[in-house]
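J.: File query33.txt follows (compact mmCIF, C-alpha atoms and all ligand atoms):
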# COMPACT_ATOMS: atom_id res chain seq x y z
CA MET R 1383 -47.53 38.52 -2.18
CA GLN R 1384 -48.09 38.69 1.57
CA ALA R 1385 -45.82 41.00 3.56
CA TYR R 1386 -44.12 38.09 5.35
CA GLU R 1387 -43.54 36.34 2.00
CA LYS R 1388 -41.83 39.46 0.69
CA LEU R 1389 -39.78 39.62 3.88
CA LEU R 1390 -38.83 35.98 3.43
CA MET R 1391 -37.79 36.55 -0.19
CA ASP R 1392 -35.72 39.59 0.82
CA LEU R 1393 -33.97 37.60 3.53
CA LEU R 1394 -33.40 34.69 1.17
CA HIS R 1395 -31.97 37.01 -1.42
CA SER R 1396 -29.53 38.64 0.98
CA SER R 1397 -28.68 35.49 2.97
CA LEU R 1398 -25.00 34.70 3.44
CA ASP R 1399 -25.86 31.08 2.63
CA GLY R 1400 -26.27 30.31 -1.05
CA TYR R 1401 -29.75 29.36 -2.29
CA ALA R 1402 -30.62 28.27 -5.81
CA LEU R 1403 -33.52 26.64 -7.56
CA PHE R 1404 -32.93 24.25 -10.44
CA GLY R 1405 -35.76 23.11 -12.72
CA PRO R 1406 -36.45 19.48 -13.63
CA ASP R 1407 -34.08 19.91 -16.63
CA ASP R 1408 -31.39 21.03 -14.12
CA ARG R 1409 -31.43 24.60 -15.45
CA LEU R 1410 -30.71 27.32 -12.88
CA VAL R 1411 -33.95 29.29 -12.48
CA TYR R 1412 -33.28 31.24 -9.28
CA ALA R 1413 -30.13 32.10 -7.34
CA ASN R 1414 -29.46 34.52 -4.52
CA ASP R 1415 -26.32 36.69 -4.55
CA ALA R 1416 -24.38 34.34 -2.25
CA PHE R 1417 -25.01 31.40 -4.57
CA LEU R 1418 -23.91 33.39 -7.64
CA SER R 1419 -20.73 34.38 -5.90
CA LEU R 1420 -19.96 30.88 -4.52
CA MET R 1421 -20.61 29.17 -7.85
CA TYR R 1422 -19.05 31.93 -10.01
CA VAL R 1423 -22.27 32.57 -12.01
CA PHE R 1424 -23.32 35.98 -13.44
CA ARG R 1425 -26.85 37.16 -12.74
CA ASP R 1426 -27.70 37.35 -16.45
CA GLU R 1427 -26.80 33.64 -16.79
CA VAL R 1428 -29.65 32.60 -14.50
CA GLY R 1429 -32.23 30.84 -16.67
CA ARG R 1430 -29.59 29.68 -19.12
CA LEU R 1431 -26.95 27.62 -17.34
CA THR R 1432 -27.41 24.00 -16.25
CA PHE R 1433 -25.75 22.59 -13.16
CA ASP R 1434 -23.27 20.46 -15.11
CA ALA R 1435 -22.31 23.50 -17.23
CA ILE R 1436 -21.52 25.41 -14.01
CA LEU R 1437 -19.41 22.50 -12.73
CA ARG R 1438 -17.61 22.09 -16.04
CA ARG R 1439 -16.78 25.80 -16.38
CA ASN R 1440 -15.50 26.08 -12.82
CA PHE R 1441 -13.35 23.00 -13.28
CA HIS R 1442 -11.75 24.40 -16.44
CA GLN R 1443 -11.19 27.77 -14.74
CA GLY R 1444 -9.47 26.00 -11.80
CA ARG R 1445 -11.90 27.17 -9.09
CA ALA R 1446 -14.71 26.03 -6.78
CA ALA R 1447 -14.99 22.32 -5.89
CA HIS R 1448 -11.96 20.09 -5.60
CA ILE R 1449 -12.53 17.17 -8.00
CA GLY R 1450 -10.55 14.32 -6.43
CA SER R 1451 -10.19 12.20 -9.58
CA GLY R 1452 -9.27 15.19 -11.75
CA ASP R 1453 -11.72 13.87 -14.37
CA ILE R 1454 -14.63 16.32 -14.68
CA GLU R 1455 -16.76 14.22 -17.07
CA GLN R 1456 -16.53 11.21 -14.74
CA PHE R 1457 -17.42 13.51 -11.82
CA ILE R 1458 -20.42 14.97 -13.66
CA ALA R 1459 -21.65 11.44 -14.49
CA TYR R 1460 -21.39 10.61 -10.77
CA VAL R 1461 -23.20 13.83 -9.76
CA GLU R 1462 -26.01 13.10 -12.23
CA SER R 1463 -26.41 9.61 -10.84
CA VAL R 1464 -26.86 10.85 -7.26
CA ARG R 1465 -28.70 14.16 -7.86
CA ARG R 1466 -32.44 13.65 -7.43
CA SER R 1467 -31.77 10.04 -6.32
CA LYS R 1468 -33.42 10.96 -2.99
CA PRO R 1469 -35.80 13.74 -1.91
CA TYR R 1470 -33.08 15.14 0.36
CA ARG R 1471 -29.28 14.90 0.24
CA LEU R 1472 -26.71 16.47 2.56
CA PHE R 1473 -22.98 16.42 1.77
CA GLU R 1474 -19.75 18.30 2.27
CA VAL R 1475 -17.66 19.80 -0.54
CA ASP R 1476 -14.13 21.14 -0.29
CA TYR R 1477 -13.05 23.98 -2.53
CA LEU R 1478 -9.69 24.34 -4.24
CA ASP R 1479 -9.04 27.49 -2.18
CA GLY R 1480 -9.31 25.51 1.10
CA ARG R 1481 -12.89 26.45 2.01
CA TRP R 1482 -15.45 23.81 3.02
CA PHE R 1483 -19.17 23.89 2.31
CA LEU R 1484 -22.15 21.94 3.54
CA MET R 1485 -24.63 21.51 0.70
CA SER R 1486 -28.18 20.23 0.76
CA GLU R 1487 -30.36 19.30 -2.18
CA GLN R 1488 -34.11 19.10 -1.69
CA THR R 1489 -36.13 17.79 -4.65
CA ASP R 1490 -39.90 17.85 -5.18
CA ALA R 1491 -42.02 15.31 -7.07
CA MET R 1492 -41.66 17.33 -10.31
CA GLY R 1493 -37.86 17.30 -10.14
CA ASN R 1494 -37.43 20.93 -9.02
CA MET R 1495 -34.49 21.22 -6.70
CA LEU R 1496 -33.57 23.68 -3.95
CA LEU R 1497 -29.81 23.77 -3.43
CA GLN R 1498 -28.44 25.34 -0.25
CA ILE R 1499 -24.76 26.05 0.38
CA LYS R 1500 -23.36 26.93 3.81
CA ASP R 1501 -19.74 27.87 4.48
CA ILE R 1502 -18.44 25.51 7.22
CA THR R 1503 -14.73 26.29 6.82
CA LYS R 1504 -14.34 27.46 10.46
CA GLN R 1505 -16.11 24.38 11.87
CA LYS R 1506 -14.06 22.14 9.59
CA GLN R 1507 -10.82 23.79 10.71
CA SER R 1508 -11.67 23.34 14.39
CA GLU R 1509 -12.65 19.73 13.66
CA GLN R 1510 -9.25 19.20 12.00
CA HIS R 1511 -7.42 20.86 14.92
CA LEU R 1512 -9.37 18.68 17.34
CA GLN R 1513 -8.51 15.55 15.38
CA ALA R 1514 -4.83 16.52 15.28
CA ALA R 1515 -4.88 17.15 19.06
CA LEU R 1516 -6.64 13.84 19.70
CA TYR R 1517 -4.07 12.06 17.57
CA LYS R 1518 -1.26 13.80 19.47
CA TYR R 1519 -2.74 12.80 22.85
CA HIS R 1520 -3.30 9.27 21.61
CA VAL R 1521 0.38 9.02 20.59
CA MET R 1522 1.45 10.60 23.90
CA ALA R 1523 -0.62 8.08 25.87
CA LEU R 1524 1.21 5.23 24.15
CA THR R 1525 4.73 6.66 24.13
CA ASP R 1526 7.45 6.76 26.77
CA GLU R 1527 8.08 10.47 27.03
CA LEU R 1528 11.82 10.24 27.71
CA THR R 1529 12.94 7.77 25.04
CA GLY R 1530 10.14 7.99 22.46
CA VAL R 1531 9.66 4.19 22.36
CA ALA R 1532 6.37 2.53 23.35
CA ASN R 1533 5.46 2.73 27.03
CA ARG R 1534 4.65 -0.30 29.18
CA ARG R 1535 0.95 -0.38 28.38
CA ALA R 1536 1.44 0.13 24.64
CA ILE R 1537 4.12 -2.53 24.25
CA GLN R 1538 2.10 -5.03 26.31
CA ASP R 1539 -0.96 -4.44 24.09
CA SER R 1540 1.02 -4.61 20.84
CA VAL R 1541 2.90 -7.73 21.90
CA SER R 1542 -0.31 -9.45 23.01
CA ALA R 1543 -1.87 -8.77 19.59
CA GLU R 1544 1.25 -10.09 17.84
CA LEU R 1545 1.34 -13.20 20.07
CA ALA R 1546 -2.18 -14.08 18.95
CA ARG R 1547 -1.16 -13.66 15.29
CA CYS R 1548 2.10 -15.66 15.63
CA SER R 1549 0.31 -18.43 17.56
CA ARG R 1550 -2.21 -18.79 14.71
CA ILE R 1551 0.57 -19.37 12.17
CA GLY R 1552 2.63 -21.54 14.57
CA ALA R 1553 5.62 -19.16 14.64
CA ALA R 1554 8.19 -18.96 17.44
CA MET R 1555 7.95 -15.83 19.61
CA THR R 1556 10.75 -14.17 21.52
CA ILE R 1557 11.15 -11.36 23.96
CA LEU R 1558 14.39 -9.81 25.10
CA LEU R 1559 14.55 -8.03 28.44
CA VAL R 1560 17.31 -5.47 28.17
CA ASP R 1561 18.57 -3.85 31.37
CA LEU R 1562 21.34 -1.28 31.69
CA ASP R 1563 24.17 -2.39 33.95
CA HIS R 1564 25.05 -0.42 37.07
CA PHE R 1565 22.75 2.35 35.97
CA LYS R 1566 22.48 3.65 39.51
CA ARG R 1567 26.22 4.39 39.29
CA VAL R 1568 25.69 6.46 36.11
CA ASN R 1569 23.06 8.53 37.91
CA ASP R 1570 25.11 8.82 41.09
CA THR R 1571 28.34 9.72 39.29
CA TYR R 1572 27.11 12.05 36.54
CA GLY R 1573 23.65 13.13 37.66
CA HIS R 1574 20.10 12.26 36.72
CA HIS R 1575 20.20 14.33 33.52
CA ILE R 1576 23.09 12.27 32.13
CA GLY R 1577 21.24 9.14 33.29
CA ASP R 1578 18.29 10.26 31.15
CA LEU R 1579 20.59 10.83 28.17
CA ALA R 1580 21.99 7.33 28.65
CA LEU R 1581 18.47 5.85 28.52
CA LYS R 1582 17.70 7.81 25.34
CA HIS R 1583 21.01 6.75 23.79
CA CYS R 1584 20.37 3.06 24.54
CA ALA R 1585 16.85 3.26 23.07
CA GLU R 1586 18.32 4.80 19.88
CA VAL R 1587 21.05 2.18 19.58
CA MET R 1588 18.53 -0.62 20.11
CA LYS R 1589 16.12 0.80 17.52
CA ALA R 1590 18.96 1.02 15.01
CA SER R 1591 19.91 -2.62 15.69
CA LEU R 1592 16.38 -3.95 15.11
CA ARG R 1593 14.35 -4.78 12.01
CA PRO R 1594 11.50 -2.37 11.17
CA PHE R 1595 8.83 -4.87 12.25
CA ASP R 1596 10.43 -5.66 15.65
CA MET R 1597 8.83 -3.91 18.62
CA ILE R 1598 10.54 -2.08 21.44
CA GLY R 1599 9.15 -0.59 24.62
CA ARG R 1600 10.33 0.74 27.94
CA LEU R 1601 8.83 -1.09 30.89
CA GLY R 1602 10.10 1.52 33.37
CA GLY R 1603 13.39 2.55 34.99
CA GLU R 1604 16.30 1.17 32.99
CA GLU R 1605 14.44 -1.88 31.66
CA PHE R 1606 13.45 -2.26 28.01
CA VAL R 1607 11.61 -5.07 26.26
CA VAL R 1608 12.04 -6.10 22.63
CA PHE R 1609 9.55 -8.39 20.92
CA LEU R 1610 10.73 -10.48 17.98
CA GLY R 1611 7.86 -12.19 16.17
CA ASN R 1612 8.53 -15.34 14.14
CA THR R 1613 12.02 -15.60 15.66
CA ASP R 1614 13.50 -18.75 17.18
CA SER R 1615 16.05 -18.79 19.99
CA GLN R 1616 19.04 -19.12 17.65
CA ASP R 1617 18.14 -15.96 15.71
CA ALA R 1618 17.12 -14.23 18.94
CA ARG R 1619 20.57 -14.86 20.40
CA VAL R 1620 22.19 -13.25 17.34
CA ILE R 1621 19.95 -10.18 17.59
CA ALA R 1622 20.42 -9.85 21.36
CA GLU R 1623 24.17 -10.22 20.98
CA ARG R 1624 24.14 -7.51 18.30
CA ILE R 1625 22.32 -5.11 20.65
CA ARG R 1626 24.70 -5.91 23.51
CA ALA R 1627 27.80 -5.41 21.32
CA GLN R 1628 26.46 -2.16 19.80
CA ILE R 1629 25.76 -0.61 23.20
CA GLN R 1630 29.20 -1.61 24.43
CA SER R 1631 30.93 -0.19 21.37
CA LEU R 1632 28.99 3.10 21.28
CA PRO R 1633 29.62 5.00 24.52
CA LEU R 1634 27.42 7.94 25.42
CA GLN R 1635 29.05 11.16 24.17
CA THR R 1636 28.68 14.02 26.63
CA PRO R 1637 30.55 17.33 26.63
CA GLY R 1638 34.06 16.56 27.81
CA ARG R 1639 33.70 12.81 28.30
CA GLU R 1640 32.57 9.49 26.93
CA ILE R 1641 30.54 7.29 29.26
CA ALA R 1642 30.85 3.55 28.69
CA LEU R 1643 27.56 1.67 28.97
CA SER R 1644 26.62 -1.99 28.89
CA VAL R 1645 23.46 -4.04 29.05
CA SER R 1646 22.48 -7.48 30.24
CA ILE R 1647 19.85 -9.28 28.20
CA GLY R 1648 17.51 -12.12 29.19
CA VAL R 1649 15.94 -14.00 26.28
CA SER R 1650 12.79 -16.10 26.26
CA THR R 1651 11.46 -17.96 23.23
CA GLN R 1652 8.19 -19.87 23.31
CA HIS R 1653 6.16 -21.66 20.63
CA HIS R 1654 2.77 -22.56 22.00
CA ASN R 1655 0.31 -19.81 22.89
CA PRO R 1656 2.59 -17.82 25.19
CA THR R 1657 1.34 -14.74 27.01
CA PHE R 1658 3.27 -11.55 27.57
CA GLU R 1659 3.54 -12.54 31.24
CA SER R 1660 4.87 -16.07 30.56
CA LEU R 1661 7.54 -14.71 28.20
CA TYR R 1662 8.37 -11.89 30.60
CA LEU R 1663 8.81 -14.21 33.62
CA GLU R 1664 11.18 -16.51 31.72
CA ALA R 1665 13.16 -13.60 30.27
CA ASP R 1666 13.36 -11.99 33.73
CA GLN R 1667 14.85 -15.20 35.16
CA ALA R 1668 17.38 -15.29 32.29
CA LEU R 1669 18.18 -11.62 32.92
CA TYR R 1670 18.77 -12.35 36.59
CA GLU R 1671 21.30 -15.02 35.56
CA ALA R 1672 23.02 -12.64 33.12
CA LYS R 1673 23.39 -10.12 35.97
CA SER R 1674 24.67 -12.77 38.43
CA GLN R 1675 27.19 -14.07 35.92
CA GLY R 1676 28.86 -10.66 35.69
CA ARG R 1677 26.59 -8.48 33.46
CA ASN R 1678 27.23 -7.29 29.86
CA ARG R 1679 26.01 -10.62 28.53
CA VAL R 1680 23.10 -12.42 26.86
CA THR R 1681 21.46 -15.38 28.62
CA LEU R 1682 18.76 -17.61 27.14
CA SER R 1683 16.07 -19.10 29.37
N1 LIG O 1 18.09 9.07 35.09
C1 LIG O 1 17.09 8.22 35.31
N2 LIG O 1 17.25 7.24 36.22
C2 LIG O 1 16.26 6.38 36.43
C3 LIG O 1 15.05 6.48 35.73
N3 LIG O 1 14.25 5.46 36.15
C4 LIG O 1 14.95 4.76 37.08
N4 LIG O 1 16.16 5.30 37.25
C5 LIG O 1 17.25 4.89 38.15
O1 LIG O 1 17.77 3.65 37.71
C6 LIG O 1 18.52 3.10 38.78
C7 LIG O 1 18.32 1.62 38.81
O2 LIG O 1 19.14 1.08 39.79
P1 LIG O 1 19.23 -0.45 40.15
O3 LIG O 1 17.84 -1.06 40.05
O4 LIG O 1 19.96 -0.59 41.42
O5 LIG O 1 20.02 -1.10 38.98
P2 LIG O 1 21.49 -0.90 38.45
O6 LIG O 1 22.24 0.14 39.18
O7 LIG O 1 21.39 -0.71 36.96
O8 LIG O 1 22.13 -2.31 38.76
P3 LIG O 1 22.05 -3.62 37.91
O9 LIG O 1 20.74 -3.60 37.15
O10 LIG O 1 22.08 -4.71 38.92
O11 LIG O 1 23.23 -3.64 37.01
C8 LIG O 1 18.02 3.81 40.04
O12 LIG O 1 19.05 4.64 40.49
C9 LIG O 1 16.84 4.64 39.57
O13 LIG O 1 16.74 5.87 40.27
C10 LIG O 1 14.89 7.54 34.78
O14 LIG O 1 13.86 7.71 34.11
N5 LIG O 1 15.94 8.38 34.61
Could I get this file's structure written as structure tokens?
T.:
Amino acid sequence: MQAYEKLLMDLLHSSLDGYALFGPDDRLVYANDAFLSLMYVFRDEVGRLTFDAILRRNFHQGRAAHIGSGDIEQFIAYVESVRRSKPYRLFEVDYLDGRWFLMSEQTDAMGNMLLQIKDITKQKQSEQHLQAALYKYHVMALTDELTGVANRRAIQDSVSAELARCSRIGAAMTILLVDLDHFKRVNDTYGHHIGDLALKHCAEVMKASLRPFDMIGRLGGEEFVVFLGNTDSQDARVIAERIRAQIQSLPLQTPGREIALSVSIGVSTQHHNPTFESLYLEADQALYEAKSQGRNRVTLS
């Protein structure tokens, strides 16, 4: 053996990555220390154990790979169908103890296979943290920070998607524009912080008055929009009236005082390919009338 070949063998043997050679009959013929440790195999078992025997023993001892189905024989049948199906395979495996490994299988024309195992737990954890952060930022980008309901952009996008769906099935579509009455007075009398609490309170009351599939968003300031898919004007009036009555009957509780609140609601129902804008403009006109007629009321367009 050349000096560099010996060096290579020494490095292979002491590598932190696991290396193993399986013969064409899938018997383990060589394994470095890392492989033995990662696959829970004793050195004197090299030459005797087959790959499926290693998998089966680890499964019954409750260690190494996480077998999703919980059925080891089914898993082994799957492994046998994919092993040696290509000259080179790369895949990830999660262990029952939470570690993750990247494994590669390289097979020659005779069916000998080099198996390499690399611990990628740290990379996997940062990937998971990154995904969680991305999800969080995605949610933040779509949510109104103060009230937790959808923000203007998110509700417009969701409503537009729903309008397309309702139009296809010929359903009536309704939006309610809900606007707090004399909100400037609340801010001026009790301060901006209490004004914020009033907005949060109204969003909560509205959410509780709606069905799970209705959509609610805050367009800005003290104006909310509610989308009711497959809802005609008669049903919309009932729902809007319920929201109005609930907000009137549930004053905002603050230390030392109750603050009465009310809302005016403009309702628009359309049947034929409406857009968010066409519904909004009609509802806004109805809202204007509700305000002019004395507030704390529901007006249909
Ligand atoms: N606390 C708080 N106030 C806000 C927020 N956004 C807008 N406002 C206030 O909401 C008030 C809206 O006032 P107006 O548009 O005059 O409406 P209003 O007093 O409710 O009167 P009507 O709608 O006619 O009944 C203003 O004082 C804004 O400063 C917010 O996020 N928090």
J.: Of the candidates R:Arg1567, R:Arg1624, R:His1511, R:His1448, which one gets nearest to ligand LIG 1 (chain O) if we count only C-alpha atoms and all ligand atoms?
T.: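 Distance minimum relative to ligand LIG 1 (chain O) lands on R:Arg1567.
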J.: Return as AutoDock Vina command-line options the centre and edge lengths, in Å with one decimal, of the box along x, y and z that encloses every atom of ligand LIG 1 (chain O) in the file, padded by 4 Å per side.
T.:
--center_x 18.5 --center_y 2.2 --center_z 37.8 --size_x 17.4 --size_y 21.8 --size_z 15.3
J.: Leaving out R:Leu1496 and any residue of its chain fewer than 5 positions from it, which residues lie within 9 Å of it when counting only C-alpha atoms, given as a ChimeraX atom specification?
T.: /R:1401-1404,1486-1490
J.: For ligand LIG 1 (chain O), list the contacting residues at 12 Å or closer, counting all atoms listed in the file, as a PyMOL selection string.
T.: chain R and resi 1526-1529+1559-1583+1600-1606+1643-1647+1666+1669-1679
J.: Can you measure atom CA of R:Val1411 to atom CA of R:Ile1436 for me? One decimal in Å is fine.
T.: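 Here the two named atoms are 13.1 Å from each other.
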J.: Identify which of the residues R:Tyr1477, R:Ile1499, R:Ala1554, R:Ala1491 lies closest to R:Leu1418, counting all atoms listed in the file when measuring atom-to-atom distances.
T.: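 Closest candidate: R:Ile1499.
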J.: Can you tell me which residues surround R:Ile1551 at a distance of at most 10 Å, considering all atoms listed in the file, apart from same-chain residues fewer than 4 positions away, and format the answer as a list in words?
T.: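 Using all atoms listed in the file, the neighbours found are Ala1546, Arg1547 and Asn1612 of chain R.
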J.: Quick check, in Å to one decimal: how far apart do atom CA of R:Lys1500 and atom CA of R:Gly1444 lie?
T.: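 Separation between atom CA of R:Lys1500 and atom CA of R:Gly1444: 20.9 Å.
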J.: R:Met1522: which residues within 10 Å, counting all atoms listed in the file, same-chain residues fewer than 5 positions away excluded, as a list in words?
T.: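 Non-adjacent residues within range: Leu1516, Tyr1517, Glu1527, Gly1530, Ala1532 and Asn1533 of chain R.
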J.: For a test of reading the model, state the distance in Å between atom CA of R:Met1495 and atom CA of R:His1442, rounded to one decimal.
T.: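 Spanning atom CA of R:Met1495 to atom CA of R:His1442 is a straight-line distance of 24.9 Å.
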J.: Which is closest to R:Arg1445 among R:Ser1419, R:Gln1498, R:Gln1510, R:Thr1503, if we use all atoms listed in the file?
T.: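 Among the listed residues, the smallest separation from R:Arg1445 belongs to R:Ser1419.
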J.: Set the distance at 10 Å and use all atoms listed in the file: which residues neighbour R:Phe1424 once local chain neighbours fewer than 6 positions away are removed? I'd like the list as a PyMOL selection string.
T.: chain R and resi 1413+1415+1418+1431
J.: Write the residues you've just listed into a file as a PDB file, in the frame of the given file, and include C-alpha atoms for each of them.
T.:
ATOM      1  CA  ALA R1413     -30.130  32.100  -7.340  1.00  0.00           C
ATOM      2  CA  ASP R1415     -26.320  36.690  -4.550  1.00  0.00           C
ATOM      3  CA  LEU R1418     -23.910  33.390  -7.640  1.00  0.00           C
ATOM      4  CA  LEU R1431     -26.950  27.620 -17.340  1.00  0.00           C
TER       5      LEU R1431
END
J.: Please determine, counting all atoms listed in the file, which residue among R:Gln1652, R:Asn1494, R:Thr1556, R:Asn1440 has the shortest atom-to-atom distance to R:Val1541.
T.: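 Closest residue, counting all atoms listed in the file: R:Thr1556.
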J.: Would you mind telling me which residue in R:Asp1617, R:Arg1438, R:Leu1558, R:Pro1406 lies nearest to R:Met1492 when using only C-alpha atoms?
T.: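 That would be R:Pro1406, the residue with the smallest distance to R:Met1492.
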